file upload_4.cif (mmCIF, C-alpha atoms and all ligand atoms)
data_start
loop_
_atom_site.label_atom_id
_atom_site.label_comp_id
_atom_site.auth_asym_id
_atom_site.auth_seq_id
_atom_site.Cartn_x
_atom_site.Cartn_y
_atom_site.Cartn_z
CA MET A 1 31.42 17.82 11.57
CA THR A 2 31.61 21.03 9.56
CA GLN A 3 28.42 22.32 8.12
CA ASN A 4 28.32 22.64 4.35
CA SER A 5 27.41 26.17 3.20
CA LYS A 6 24.34 24.77 1.43
CA THR A 7 23.05 23.04 4.60
CA VAL A 8 19.62 24.25 5.62
CA SER A 9 17.38 23.26 8.45
CA GLU A 10 13.96 24.07 7.17
CA ALA A 11 12.17 21.19 8.84
CA GLU A 12 12.29 19.06 11.94
CA ILE A 13 11.40 15.85 10.11
CA ALA A 14 12.46 14.73 6.66
CA VAL A 15 10.40 12.04 4.94
CA ILE A 16 12.37 10.40 2.16
CA GLY A 17 10.01 9.29 -0.59
CA GLY A 18 6.83 10.94 -1.76
CA GLY A 19 4.92 7.82 -2.81
CA LEU A 20 1.72 6.75 -1.08
CA VAL A 21 3.54 5.69 2.07
CA GLY A 22 5.68 8.81 2.37
CA SER A 23 2.89 11.23 1.51
CA ALA A 24 0.35 9.64 3.89
CA THR A 25 2.92 9.68 6.70
CA ALA A 26 4.04 13.24 5.93
CA TYR A 27 0.42 14.42 5.82
CA GLY A 28 -0.24 12.83 9.22
CA LEU A 29 2.90 14.41 10.68
CA ALA A 30 2.02 17.86 9.38
CA GLN A 31 -1.56 17.55 10.62
CA ARG A 32 -0.06 17.18 14.10
CA GLY A 33 1.93 20.36 13.73
CA ALA A 34 5.33 19.04 12.64
CA ARG A 35 7.46 20.95 10.14
CA VAL A 36 7.98 18.33 7.45
CA LEU A 37 10.13 18.16 4.35
CA VAL A 38 9.52 15.44 1.75
CA LEU A 39 12.47 14.61 -0.48
CA ASP A 40 11.38 12.65 -3.52
CA GLU A 41 13.49 11.17 -6.26
CA GLY A 42 11.12 11.84 -9.14
CA ASP A 43 10.02 10.11 -12.31
CA ILE A 44 13.12 7.98 -12.73
CA ALA A 45 12.17 6.03 -9.60
CA TYR A 46 10.15 2.81 -9.45
CA ARG A 47 6.82 4.02 -8.16
CA ALA A 48 4.35 1.46 -6.93
CA SER A 49 2.07 4.34 -6.01
CA ARG A 50 1.30 5.13 -9.65
CA GLY A 51 0.55 1.59 -10.75
CA ASN A 52 -1.52 -0.12 -8.09
CA PHE A 53 -4.91 -1.82 -8.07
CA ALA A 54 -6.48 0.52 -5.48
CA LEU A 55 -8.04 -2.02 -3.14
CA VAL A 56 -8.57 -1.35 0.53
CA TRP A 57 -8.42 -5.05 1.27
CA VAL A 58 -8.80 -6.95 4.52
CA GLN A 59 -9.78 -10.58 3.85
CA SER A 60 -6.77 -12.81 3.22
CA LYS A 61 -4.32 -10.43 4.94
CA GLY A 62 -2.24 -11.70 7.85
CA LEU A 63 -1.75 -15.44 7.41
CA GLY A 64 1.51 -15.92 9.34
CA MET A 65 1.20 -12.69 11.34
CA SER A 66 -2.10 -12.04 13.10
CA GLU A 67 -0.91 -8.52 14.06
CA TYR A 68 -0.97 -7.66 10.37
CA ALA A 69 -4.60 -8.78 10.08
CA ALA A 70 -5.50 -6.52 13.02
CA TRP A 71 -3.48 -3.59 11.65
CA THR A 72 -5.15 -3.97 8.24
CA LYS A 73 -8.62 -4.16 9.74
CA THR A 74 -7.99 -0.98 11.76
CA SER A 75 -6.84 0.83 8.66
CA ALA A 76 -9.92 -0.23 6.71
CA GLU A 77 -12.04 1.02 9.61
CA GLN A 78 -10.21 4.36 9.65
CA TRP A 79 -10.39 4.83 5.89
CA SER A 80 -13.60 6.90 5.87
CA THR A 81 -11.94 9.33 8.28
CA LEU A 82 -8.96 9.71 5.95
CA ALA A 83 -11.23 10.13 2.91
CA LYS A 84 -13.23 12.82 4.70
CA SER A 85 -10.13 14.61 5.90
CA LEU A 86 -8.72 14.62 2.35
CA ARG A 87 -11.98 15.90 0.95
CA ASP A 88 -12.20 18.67 3.56
CA GLU A 89 -8.60 19.67 2.90
CA THR A 90 -8.54 19.43 -0.91
CA ASP A 91 -12.11 19.10 -2.26
CA ILE A 92 -10.95 15.88 -3.94
CA ASP A 93 -13.26 12.90 -3.63
CA VAL A 94 -11.00 9.83 -3.64
CA ALA A 95 -14.04 7.62 -4.33
CA HIS A 96 -13.63 5.54 -1.24
CA HIS A 97 -16.30 2.81 -1.16
CA GLN A 98 -16.42 -0.08 1.24
CA PRO A 99 -19.29 -2.25 0.04
CA GLY A 100 -17.49 -5.53 0.87
CA GLY A 101 -15.34 -7.51 -1.52
CA PHE A 102 -15.32 -10.96 -3.10
CA MET A 103 -12.66 -13.50 -3.97
CA LEU A 104 -14.19 -15.53 -6.81
CA CYS A 105 -13.13 -19.14 -7.38
CA LEU A 106 -13.17 -20.84 -10.77
CA SER A 107 -12.92 -24.47 -9.60
CA GLU A 108 -13.86 -26.58 -6.59
CA ALA A 109 -10.15 -26.97 -5.82
CA GLU A 110 -9.67 -23.18 -5.80
CA LEU A 111 -12.68 -22.71 -3.53
CA GLU A 112 -11.46 -25.40 -1.17
CA ALA A 113 -7.98 -23.86 -1.01
CA ARG A 114 -9.47 -20.42 -0.32
CA ILE A 115 -11.74 -21.75 2.44
CA ASN A 116 -8.77 -23.55 4.03
CA ALA A 117 -6.66 -20.40 3.86
CA MET A 118 -9.41 -18.37 5.53
CA ARG A 119 -9.78 -21.00 8.27
CA ARG A 120 -6.02 -21.10 8.90
CA LEU A 121 -5.98 -17.31 9.00
CA HIS A 122 -8.80 -17.10 11.51
CA ASN A 123 -7.52 -19.97 13.66
CA GLN A 124 -4.24 -18.21 14.37
CA PRO A 125 -3.47 -17.21 17.95
CA ARG A 126 -4.48 -13.61 18.77
CA MET A 127 -6.35 -13.33 15.45
CA VAL A 128 -8.69 -10.34 15.29
CA GLN A 129 -12.26 -11.37 14.58
CA TYR A 130 -14.22 -10.12 11.58
CA PRO A 131 -17.00 -11.59 9.55
CA TYR A 132 -16.69 -13.35 6.22
CA GLU A 133 -19.01 -15.62 4.27
CA ILE A 134 -18.42 -18.59 2.02
CA LEU A 135 -20.90 -18.49 -0.85
CA ASP A 136 -21.86 -21.05 -3.48
CA HIS A 137 -22.45 -20.17 -7.13
CA ASP A 138 -26.14 -19.33 -6.70
CA GLU A 139 -25.65 -17.00 -3.74
CA THR A 140 -22.67 -15.35 -5.45
CA LYS A 141 -24.82 -14.90 -8.57
CA ARG A 142 -27.60 -13.39 -6.52
CA ARG A 143 -25.20 -10.76 -5.21
CA LEU A 144 -23.12 -10.36 -8.38
CA PRO A 145 -25.54 -10.99 -11.28
CA ALA A 146 -22.87 -10.53 -13.96
CA ILE A 147 -20.80 -13.61 -13.00
CA GLY A 148 -20.46 -16.44 -15.48
CA PRO A 149 -21.19 -20.17 -15.02
CA ASP A 150 -17.50 -20.95 -14.33
CA VAL A 151 -17.62 -19.25 -10.93
CA VAL A 152 -18.16 -22.10 -8.48
CA GLY A 153 -18.27 -19.95 -5.37
CA SER A 154 -16.67 -17.10 -3.49
CA VAL A 155 -15.57 -15.68 -0.18
CA PHE A 156 -17.17 -12.37 0.76
CA CYS A 157 -15.92 -9.99 3.45
CA PRO A 158 -17.92 -6.86 4.28
CA LEU A 159 -14.79 -4.90 5.29
CA ASP A 160 -13.22 -4.80 1.83
CA GLY A 161 -13.37 -1.75 -0.38
CA HIS A 162 -11.56 0.36 -2.96
CA VAL A 163 -10.67 3.91 -3.95
CA ASN A 164 -9.58 5.86 -6.97
CA SER A 165 -5.87 5.42 -6.57
CA LEU A 166 -4.57 8.25 -8.73
CA ARG A 167 -6.98 10.66 -7.11
CA LEU A 168 -5.79 9.44 -3.72
CA PHE A 169 -2.22 10.17 -4.69
CA ARG A 170 -3.14 13.62 -5.95
CA ALA A 171 -5.23 14.38 -2.84
CA LEU A 172 -2.42 13.33 -0.50
CA HIS A 173 0.04 15.61 -2.29
CA LEU A 174 -2.34 18.54 -2.26
CA ALA A 175 -3.23 17.90 1.39
CA MET A 176 0.47 17.77 2.26
CA ALA A 177 1.03 21.12 0.59
CA ARG A 178 -1.99 22.68 2.30
CA SER A 179 -0.79 21.37 5.68
CA GLY A 180 2.53 23.12 5.20
CA VAL A 181 4.69 20.20 4.07
CA SER A 182 7.55 21.29 1.90
CA TYR A 183 7.77 18.86 -1.05
CA ARG A 184 10.93 18.67 -3.11
CA PRO A 185 10.71 16.58 -6.28
CA ASN A 186 13.83 15.51 -8.19
CA SER A 187 15.68 15.26 -4.90
CA HIS A 188 17.47 11.95 -4.84
CA VAL A 189 18.90 11.27 -1.38
CA GLU A 190 22.41 10.02 -1.74
CA SER A 191 23.39 9.70 1.90
CA ILE A 192 22.09 10.15 5.44
CA LYS A 193 24.59 10.74 8.21
CA PRO A 194 23.72 10.65 11.89
CA ASP A 195 24.91 13.98 13.24
CA ARG A 196 24.88 15.58 16.72
CA ASP A 197 21.12 15.79 17.55
CA GLY A 198 19.82 14.56 14.25
CA PHE A 199 20.69 13.68 10.70
CA LEU A 200 22.45 15.29 7.79
CA ILE A 201 20.82 14.36 4.48
CA ASP A 202 22.73 14.79 1.27
CA GLY A 203 22.03 14.71 -2.44
CA PRO A 204 22.99 16.44 -5.67
CA TRP A 205 20.44 19.15 -4.71
CA GLY A 206 22.25 20.09 -1.48
CA GLN A 207 22.02 19.13 2.13
CA VAL A 208 19.53 19.41 4.98
CA ARG A 209 19.85 18.91 8.71
CA VAL A 210 16.81 17.50 10.53
CA GLN A 211 15.99 16.06 13.93
CA LYS A 212 14.17 13.01 12.61
CA VAL A 213 14.16 11.11 9.36
CA VAL A 214 11.51 8.74 8.03
CA LEU A 215 12.58 6.34 5.30
CA ALA A 216 9.55 5.90 3.05
CA ALA A 217 11.45 5.42 -0.18
CA GLY A 218 9.79 2.15 -1.25
CA LEU A 219 12.39 -0.06 -2.90
CA GLY A 220 14.99 2.65 -2.14
CA ASN A 221 14.74 1.80 1.58
CA ALA A 222 16.97 -1.26 1.16
CA ARG A 223 19.93 1.01 0.34
CA LEU A 224 19.10 3.87 2.70
CA GLY A 225 18.32 1.80 5.83
CA PRO A 226 21.85 0.70 6.77
CA MET A 227 23.03 4.35 6.72
CA VAL A 228 21.05 4.88 9.93
CA GLY A 229 21.19 1.39 11.45
CA LEU A 230 17.93 0.19 9.91
CA HIS A 231 17.29 -2.99 7.99
CA ALA A 232 14.72 -2.96 5.18
CA PRO A 233 15.48 -5.90 2.91
CA VAL A 234 12.71 -5.12 0.42
CA ARG A 235 12.67 -6.50 -3.10
CA PRO A 236 10.47 -5.85 -6.15
CA SER A 237 7.44 -7.99 -6.98
CA LYS A 238 6.05 -7.20 -10.40
CA GLY A 239 2.34 -6.74 -10.95
CA GLN A 240 0.71 -6.32 -14.35
CA VAL A 241 -2.64 -4.57 -14.73
CA ILE A 242 -5.18 -4.20 -17.58
CA VAL A 243 -7.75 -1.43 -17.88
CA THR A 244 -10.70 -1.50 -20.25
CA GLU A 245 -12.76 1.22 -21.85
CA LYS A 246 -15.55 2.64 -19.71
CA ALA A 247 -18.69 0.54 -19.36
CA ALA A 248 -22.13 1.01 -17.81
CA PRO A 249 -21.97 0.14 -14.10
CA PHE A 250 -22.31 -3.64 -13.63
CA LEU A 251 -19.98 -4.41 -10.72
CA HIS A 252 -20.75 -2.78 -7.41
CA HIS A 253 -18.22 -4.65 -5.29
CA PRO A 254 -14.46 -5.00 -5.73
CA ILE A 255 -13.22 -8.48 -6.59
CA VAL A 256 -9.61 -9.11 -5.66
CA THR A 257 -8.62 -9.26 -9.33
CA VAL A 258 -11.40 -7.31 -11.08
CA ARG A 259 -12.95 -3.99 -10.17
CA GLN A 260 -15.00 -1.38 -11.92
CA THR A 261 -13.69 2.06 -11.12
CA ASP A 262 -15.87 5.01 -10.18
CA GLU A 263 -15.25 6.29 -13.73
CA GLY A 264 -16.53 3.11 -15.39
CA GLY A 265 -13.33 1.46 -16.63
CA VAL A 266 -12.67 -2.09 -15.47
CA MET A 267 -9.31 -2.89 -13.95
CA ILE A 268 -8.08 -6.46 -14.20
CA GLY A 269 -5.13 -7.43 -12.11
CA ASP A 270 -2.71 -8.11 -10.90
CA SER A 271 0.03 -10.66 -11.42
CA GLN A 272 2.69 -11.42 -8.79
CA GLU A 273 6.03 -12.04 -10.46
CA ASP A 274 9.45 -12.34 -8.88
CA LEU A 275 11.60 -10.99 -11.71
CA GLY A 276 13.73 -8.32 -10.07
CA PHE A 277 13.62 -4.79 -11.46
CA ASP A 278 11.76 -5.81 -14.60
CA THR A 279 8.74 -3.74 -15.65
CA VAL A 280 8.05 -5.16 -19.11
CA VAL A 281 4.41 -5.94 -19.89
CA THR A 282 4.23 -9.52 -21.14
CA PRO A 283 1.34 -10.66 -23.39
CA PRO A 284 1.19 -14.25 -22.01
CA VAL A 285 0.59 -12.99 -18.47
CA ILE A 286 -1.85 -10.31 -19.63
CA SER A 287 -3.84 -12.82 -21.67
CA LEU A 288 -4.03 -15.28 -18.77
CA MET A 289 -5.35 -12.51 -16.50
CA ALA A 290 -7.86 -11.47 -19.18
CA GLN A 291 -9.05 -15.06 -19.70
CA ARG A 292 -9.70 -15.55 -16.00
CA ALA A 293 -11.51 -12.21 -15.78
CA VAL A 294 -13.73 -13.09 -18.76
CA ARG A 295 -14.62 -16.44 -17.15
CA MET A 296 -15.64 -14.49 -14.05
CA PHE A 297 -17.57 -11.81 -15.97
CA PRO A 298 -18.32 -12.88 -19.57
CA LEU A 299 -19.44 -9.37 -20.56
CA LEU A 300 -15.80 -8.26 -20.29
CA ALA A 301 -15.16 -10.07 -23.59
CA GLY A 302 -16.99 -7.23 -25.34
CA LEU A 303 -14.88 -4.42 -23.90
CA ASN A 304 -11.76 -2.96 -25.48
CA VAL A 305 -8.56 -2.86 -23.49
CA VAL A 306 -7.27 0.71 -23.40
CA ARG A 307 -4.09 0.29 -21.42
CA THR A 308 -1.85 -2.26 -19.76
CA TRP A 309 1.05 -1.57 -17.43
CA SER A 310 3.25 -3.12 -14.85
CA ALA A 311 4.61 -1.76 -11.59
CA LEU A 312 6.79 -3.07 -8.80
CA ARG A 313 5.43 -3.86 -5.35
CA VAL A 314 7.68 -3.19 -2.40
CA MET A 315 7.96 -6.62 -0.82
CA SER A 316 9.62 -7.60 2.44
CA PRO A 317 10.91 -11.19 2.85
CA ASP A 318 7.70 -12.35 4.57
CA GLY A 319 5.38 -9.91 2.78
CA PHE A 320 4.48 -7.98 5.94
CA PRO A 321 5.19 -4.28 6.59
CA ILE A 322 8.37 -3.07 8.25
CA TYR A 323 8.00 -0.33 10.86
CA ASP A 324 11.07 0.34 12.94
CA GLN A 325 13.00 2.96 14.78
CA SER A 326 16.77 2.67 14.67
CA GLN A 327 18.23 1.44 17.94
CA SER A 328 21.65 2.87 17.16
CA TYR A 329 20.31 6.20 15.86
CA PRO A 330 16.97 6.98 17.51
CA GLY A 331 14.95 9.42 15.48
CA ALA A 332 15.44 7.43 12.26
CA PHE A 333 12.38 5.40 11.25
CA VAL A 334 11.54 3.11 8.37
CA VAL A 335 8.02 2.68 7.03
CA THR A 336 7.47 0.24 4.21
CA CYS A 337 4.74 -2.14 3.07
CA HIS A 338 3.18 -3.66 -0.03
CA SER A 339 -0.35 -2.43 0.68
CA GLY A 340 0.13 1.30 0.79
CA VAL A 341 -3.43 2.06 -0.32
CA THR A 342 -5.04 -0.09 2.35
CA LEU A 343 -2.68 1.11 5.05
CA ALA A 344 -2.73 4.81 4.10
CA ALA A 345 -5.25 5.53 6.84
CA ASN A 346 -3.06 3.93 9.51
CA HIS A 347 0.03 5.71 8.22
CA ALA A 348 -1.63 9.13 8.31
CA LEU A 349 -3.81 8.74 11.38
CA THR A 350 -1.86 6.42 13.70
CA LEU A 351 1.75 5.83 12.71
CA ALA A 352 2.53 9.52 12.18
CA HIS A 353 1.47 10.19 15.77
CA HIS A 354 3.90 7.55 17.12
CA ILE A 355 6.76 8.85 14.97
CA LEU A 356 6.17 12.31 16.31
CA GLU A 357 6.06 11.01 19.88
CA GLY A 358 9.37 9.29 19.19
CA THR A 359 8.37 5.74 20.17
CA LEU A 360 6.71 2.96 18.28
CA PRO A 361 4.28 1.23 20.63
CA ALA A 362 4.48 -2.43 21.67
CA SER A 363 1.52 -3.15 19.39
CA LEU A 364 3.81 -2.45 16.40
CA GLU A 365 6.74 -4.53 17.65
CA ALA A 366 5.79 -7.46 15.43
CA PHE A 367 6.60 -5.28 12.41
CA SER A 368 10.20 -4.63 13.42
CA SER A 369 12.80 -5.97 11.01
CA ARG A 370 14.33 -7.74 14.03
CA ARG A 371 12.01 -10.61 13.05
CA PHE A 372 14.31 -11.29 10.08
CA HIS A 373 17.39 -11.55 12.33
CA VAL A 374 15.55 -14.06 14.53
CA SER A 375 14.51 -16.24 11.63
CA SER A 376 17.91 -16.09 9.94
CA ALA A 377 19.61 -17.05 13.23
CA ALA A 378 17.20 -19.96 13.77
C1 LIG B 401 0.52 -3.83 -9.44
C2 LIG B 401 0.33 -3.33 -8.05
C3 LIG B 401 -0.91 -3.46 -7.44
C4 LIG B 401 -1.10 -3.00 -6.14
N1 LIG B 401 -2.35 -3.06 -5.60
C5 LIG B 401 -2.56 -2.58 -4.36
C6 LIG B 401 -3.86 -2.60 -3.81
O1 LIG B 401 -4.83 -2.99 -4.45
N2 LIG B 401 -4.02 -2.14 -2.55
C7 LIG B 401 -2.97 -1.69 -1.79
O2 LIG B 401 -3.16 -1.34 -0.63
N3 LIG B 401 -1.74 -1.62 -2.31
C8 LIG B 401 -1.51 -2.05 -3.57
N4 LIG B 401 -0.27 -1.99 -4.12
C9 LIG B 401 0.83 -1.49 -3.31
C10 LIG B 401 0.92 -0.01 -3.22
O3 LIG B 401 0.85 0.60 -4.46
C11 LIG B 401 2.26 0.24 -2.54
O4 LIG B 401 2.22 -0.28 -1.23
C12 LIG B 401 2.58 1.64 -2.40
O5 LIG B 401 2.48 2.31 -3.59
C13 LIG B 401 4.02 1.73 -1.92
O6 LIG B 401 4.25 3.04 -1.77
P1 LIG B 401 5.65 3.56 -1.40
O7 LIG B 401 5.44 4.98 -1.16
O8 LIG B 401 6.25 2.72 -0.32
O9 LIG B 401 6.54 3.25 -2.66
P2 LIG B 401 6.69 4.01 -4.11
O10 LIG B 401 5.35 4.30 -4.64
O11 LIG B 401 7.58 3.14 -4.86
O12 LIG B 401 7.32 5.36 -3.69
C14 LIG B 401 8.63 5.46 -3.25
C15 LIG B 401 9.08 6.87 -3.49
O13 LIG B 401 10.38 7.00 -2.94
C16 LIG B 401 11.16 7.79 -3.79
N5 LIG B 401 12.57 7.42 -3.59
C17 LIG B 401 13.17 6.22 -3.74
N6 LIG B 401 14.48 6.29 -3.45
C18 LIG B 401 14.72 7.58 -3.11
C19 LIG B 401 15.87 8.30 -2.72
N7 LIG B 401 17.07 7.71 -2.60
N8 LIG B 401 15.75 9.63 -2.49
C20 LIG B 401 14.56 10.27 -2.59
N9 LIG B 401 13.43 9.62 -2.94
C21 LIG B 401 13.50 8.30 -3.20
C22 LIG B 401 10.65 7.52 -5.19
O14 LIG B 401 10.81 8.67 -5.98
C23 LIG B 401 9.18 7.23 -4.97
O15 LIG B 401 8.37 8.36 -5.21
C24 LIG B 401 -0.03 -2.44 -5.42
C25 LIG B 401 1.22 -2.31 -6.02
C26 LIG B 401 1.40 -2.75 -7.32
C27 LIG B 401 2.74 -2.58 -7.94
#
call {"tool": "encode", "arguments": {"input": "upload_4.cif", "output": "structure tokens"}}
result
Amino acid sequence: MTQNSKTVSEAEIAVIGGGLVGSATAYGLAQRGARVLVLDEGDIAYRASRGNFALVWVQSKGLGMSEYAAWTKTSAEQWSTLAKSLRDETDIDVAHHQPGGFMLCLSEAELEARINAMRRLHNQPRMVQYPYEILDHDETKRRLPAIGPDVVGSVFCPLDGHVNSLRLFRALHLAMARSGVSYRPNSHVESIKPDRDGFLIDGPWGQVRVQKVVLAAGLGNARLGPMVGLHAPVRPSKGQVIVTEKAAPFLHHPIVTVRQTDEGGVMIGDSQEDLGFDTVVTPPVISLMAQRAVRMFPLLAGLNVVRTWSALRVMSPDGFPIYDQSQSYPGAFVVTCHSGVTLAANHALTLAHHILEGTLPASLEAFSSRRFHVSSAA
């Protein structure tokens, strides 16, 4: 293949996508001494990383894949290390707090369903053990005094936490830069071609040659994967979020759908809608979310809403992450998930190491997209 005159080889690894997943992975790679280039499409892209709910959430994760529960738990456990490393590198406090989180139930049927789901989760073969408690109204009220009478009970897990998501995004980008990552915004990757000892990556901005490529392009991975023998059949799942004006601190634990941020605003989230690439905010969904939140915490009725938005989650067919190295073109990896905040610690502190080593360990085999071939052949 002839080399285009604009071809440069300024890095050994290119990470495509500078969202939470790409930036956490790139940061981890650079921390281990790799020369990394991040190519990021820019503001025209769908960016889950700018619209999420900011939970570092463990309970309820992994029903159907116990490896995911274990992976999530490890990430939650490593989160303080990531937060400290980001603070040391950038002076940014990402407001990581892990006081334990609640799932509040507004009817006996909801509580029963939640308890059953937790039992099924924990009864799975090879399920990692962690504590959780089922609480009635009175005990929930004792721990969360602001709840209303409609809350019949809750499930509490001490591993759950949250962060300031926008500050996390900012800190990751600054930490990448300080670790020597070269970040190129407005760099849409059009094609990736396996080439001699690596890959030739092309876009309207030019061309680069690298030894390894990591696809971390969120919803863009579905198109890019097949270029290097990878399969990432991700689709959008819309989530709408409400944020209120700032209030005096009243909620010291994250609830899966309500959390008070470190700055005082209350976030209410987040719907799960299968509507393709649709990002319209819809009043009926927003008002349903608000009504449920007010039943949980009646004082929310007195707060003004300052903003609503929607963003698209990056969802695989079974909802679990996809981590894979191409069998036909080793050196090409895909990293994609719908819980990029929770898993940021694993991506930076664990996965980056394996990518650099050039092998994904057996413990990550469950996340290969080969699982989709098996189920579609069955
Ligand atoms: C409403 C909502 C609530 C959420 N709540 C939580 C939560 O509480 N906790 C949690 O852990 N996670 C949560 N998430 C998920 C989390 O935000 C995502 O997992 C994470 O943002 C995904 O990051 P990403 O980098 O894979 O994707 P994105 O943020 O979508 O980033 C992908 C990047 O790739 C770039 N790109 C795409 N195609 C190309 C291309 N061809 N060339 C170059 N660049 C390209 C884009 O520019 C973009 O910057 C939530 C998501 C949503 C939408």
call {"tool": "residues_around", "arguments": {"input": "upload_4.cif", "residues": "A:Pro283", "least_positions_apart": "2", "cutoff": "12 Å", "atoms": "all atoms listed in the file", "output": "PyMOL selection string"}}
result
chain A and resi 240-242+280-281+285-291+308-310
call {"tool": "residues_near_ligand", "arguments": {"input": "upload_4.cif", "ligand": "ligand LIG 401 (chain B)", "cutoff": "6 Å", "atoms": "only C-alpha atoms and all ligand atoms", "output": "count of residues only"}}
result
43
call {"tool": "atom_distance", "arguments": {"input": "upload_4.cif", "atom1": "atom CA of A:Trp205", "atom2": "atom CA of A:Ser182"}}
result
14.6 Å
call {"tool": "residues_around", "arguments": {"input": "upload_4.cif", "residues": "stretch 260-263 of chain A", "least_positions_apart": "3", "cutoff": "9 Å", "atoms": "all atoms listed in the file", "output": "number ranges by chain"}}
result
A: 95, 162-164, 246-247, 249-254, 266-268
call {"tool": "atom_distance", "arguments": {"input": "upload_4.cif", "atom1": "atom CA of A:Gly161", "atom2": "atom CA of A:Lys61"}}
result
13.6 Å
call {"tool": "residues_around", "arguments": {"input": "upload_4.cif", "residues": "A:Leu82", "least_positions_apart": "2", "cutoff": "8 Å", "atoms": "all atoms listed in the file", "output": "list of chain:residue names"}}
result
A:Gln78, A:Trp79, A:Ser80, A:Lys84, A:Ser85, A:Leu86, A:Ala345, A:Ala348, A:Leu349
call {"tool": "residues_around", "arguments": {"input": "upload_4.cif", "residues": "A:Ile13", "least_positions_apart": "4", "cutoff": "12 Å", "atoms": "only C-alpha atoms", "output": "PyMOL selection string"}}
result
chain A and resi 9+22+25-27+29-30+33-39+181-182+198-201+208-215+331-333+352+355-356+358
call {"tool": "write_last_selection", "arguments": {"input": "upload_4.cif", "atoms": "C-alpha atoms", "output": "PDB file, keeping the file's coordinate frame"}}
result
ATOM      1  CA  SER A   9      17.380  23.260   8.450  1.00  0.00           C
ATOM      2  CA  GLY A  22       5.680   8.810   2.370  1.00  0.00           C
ATOM      3  CA  THR A  25       2.920   9.680   6.700  1.00  0.00           C
ATOM      4  CA  ALA A  26       4.040  13.240   5.930  1.00  0.00           C
ATOM      5  CA  TYR A  27       0.420  14.420   5.820  1.00  0.00           C
ATOM      6  CA  LEU A  29       2.900  14.410  10.680  1.00  0.00           C
ATOM      7  CA  ALA A  30       2.020  17.860   9.380  1.00  0.00           C
ATOM      8  CA  GLY A  33       1.930  20.360  13.730  1.00  0.00           C
ATOM      9  CA  ALA A  34       5.330  19.040  12.640  1.00  0.00           C
ATOM     10  CA  ARG A  35       7.460  20.950  10.140  1.00  0.00           C
ATOM     11  CA  VAL A  36       7.980  18.330   7.450  1.00  0.00           C
ATOM     12  CA  LEU A  37      10.130  18.160   4.350  1.00  0.00           C
ATOM     13  CA  VAL A  38       9.520  15.440   1.750  1.00  0.00           C
ATOM     14  CA  LEU A  39      12.470  14.610  -0.480  1.00  0.00           C
ATOM     15  CA  VAL A 181       4.690  20.200   4.070  1.00  0.00           C
ATOM     16  CA  SER A 182       7.550  21.290   1.900  1.00  0.00           C
ATOM     17  CA  GLY A 198      19.820  14.560  14.250  1.00  0.00           C
ATOM     18  CA  PHE A 199      20.690  13.680  10.700  1.00  0.00           C
ATOM     19  CA  LEU A 200      22.450  15.290   7.790  1.00  0.00           C
ATOM     20  CA  ILE A 201      20.820  14.360   4.480  1.00  0.00           C
ATOM     21  CA  VAL A 208      19.530  19.410   4.980  1.00  0.00           C
ATOM     22  CA  ARG A 209      19.850  18.910   8.710  1.00  0.00           C
ATOM     23  CA  VAL A 210      16.810  17.500  10.530  1.00  0.00           C
ATOM     24  CA  GLN A 211      15.990  16.060  13.930  1.00  0.00           C
ATOM     25  CA  LYS A 212      14.170  13.010  12.610  1.00  0.00           C
ATOM     26  CA  VAL A 213      14.160  11.110   9.360  1.00  0.00           C
ATOM     27  CA  VAL A 214      11.510   8.740   8.030  1.00  0.00           C
ATOM     28  CA  LEU A 215      12.580   6.340   5.300  1.00  0.00           C
ATOM     29  CA  GLY A 331      14.950   9.420  15.480  1.00  0.00           C
ATOM     30  CA  ALA A 332      15.440   7.430  12.260  1.00  0.00           C
ATOM     31  CA  PHE A 333      12.380   5.400  11.250  1.00  0.00           C
ATOM     32  CA  ALA A 352       2.530   9.520  12.180  1.00  0.00           C
ATOM     33  CA  ILE A 355       6.760   8.850  14.970  1.00  0.00           C
ATOM     34  CA  LEU A 356       6.170  12.310  16.310  1.00  0.00           C
ATOM     35  CA  GLY A 358       9.370   9.290  19.190  1.00  0.00           C
TER      36      GLY A 358
END
call {"tool": "atom_distance", "arguments": {"input": "upload_4.cif", "atom1": "atom CA of A:Ser271", "atom2": "atom CA of A:Val256"}}
result
11.3 Å
call {"tool": "build_atoms", "arguments": {"input": "upload_4.cif", "residues": "stretch 66-71 of chain A", "atoms": "N, CA and C atoms", "output": "compact mmCIF listing (two decimals), keeping the file's coordinate frame"}}
result
# COMPACT_ATOMS: atom_id res chain seq x y z
N SER A 66 -0.74 -12.52 12.78
CA SER A 66 -2.10 -12.04 13.10
C SER A 66 -2.10 -10.53 13.37
N GLU A 67 -0.97 -9.97 13.82
CA GLU A 67 -0.91 -8.52 14.06
C GLU A 67 -1.16 -7.74 12.78
N TYR A 68 -0.75 -8.33 11.66
CA TYR A 68 -0.97 -7.66 10.37
C TYR A 68 -2.46 -7.64 10.01
N ALA A 69 -3.15 -8.74 10.33
CA ALA A 69 -4.60 -8.78 10.08
C ALA A 69 -5.28 -7.67 10.89
N ALA A 70 -4.88 -7.53 12.15
CA ALA A 70 -5.50 -6.52 13.02
C ALA A 70 -5.18 -5.11 12.52
N TRP A 71 -3.93 -4.90 12.14
CA TRP A 71 -3.48 -3.59 11.65
C TRP A 71 -4.24 -3.21 10.38
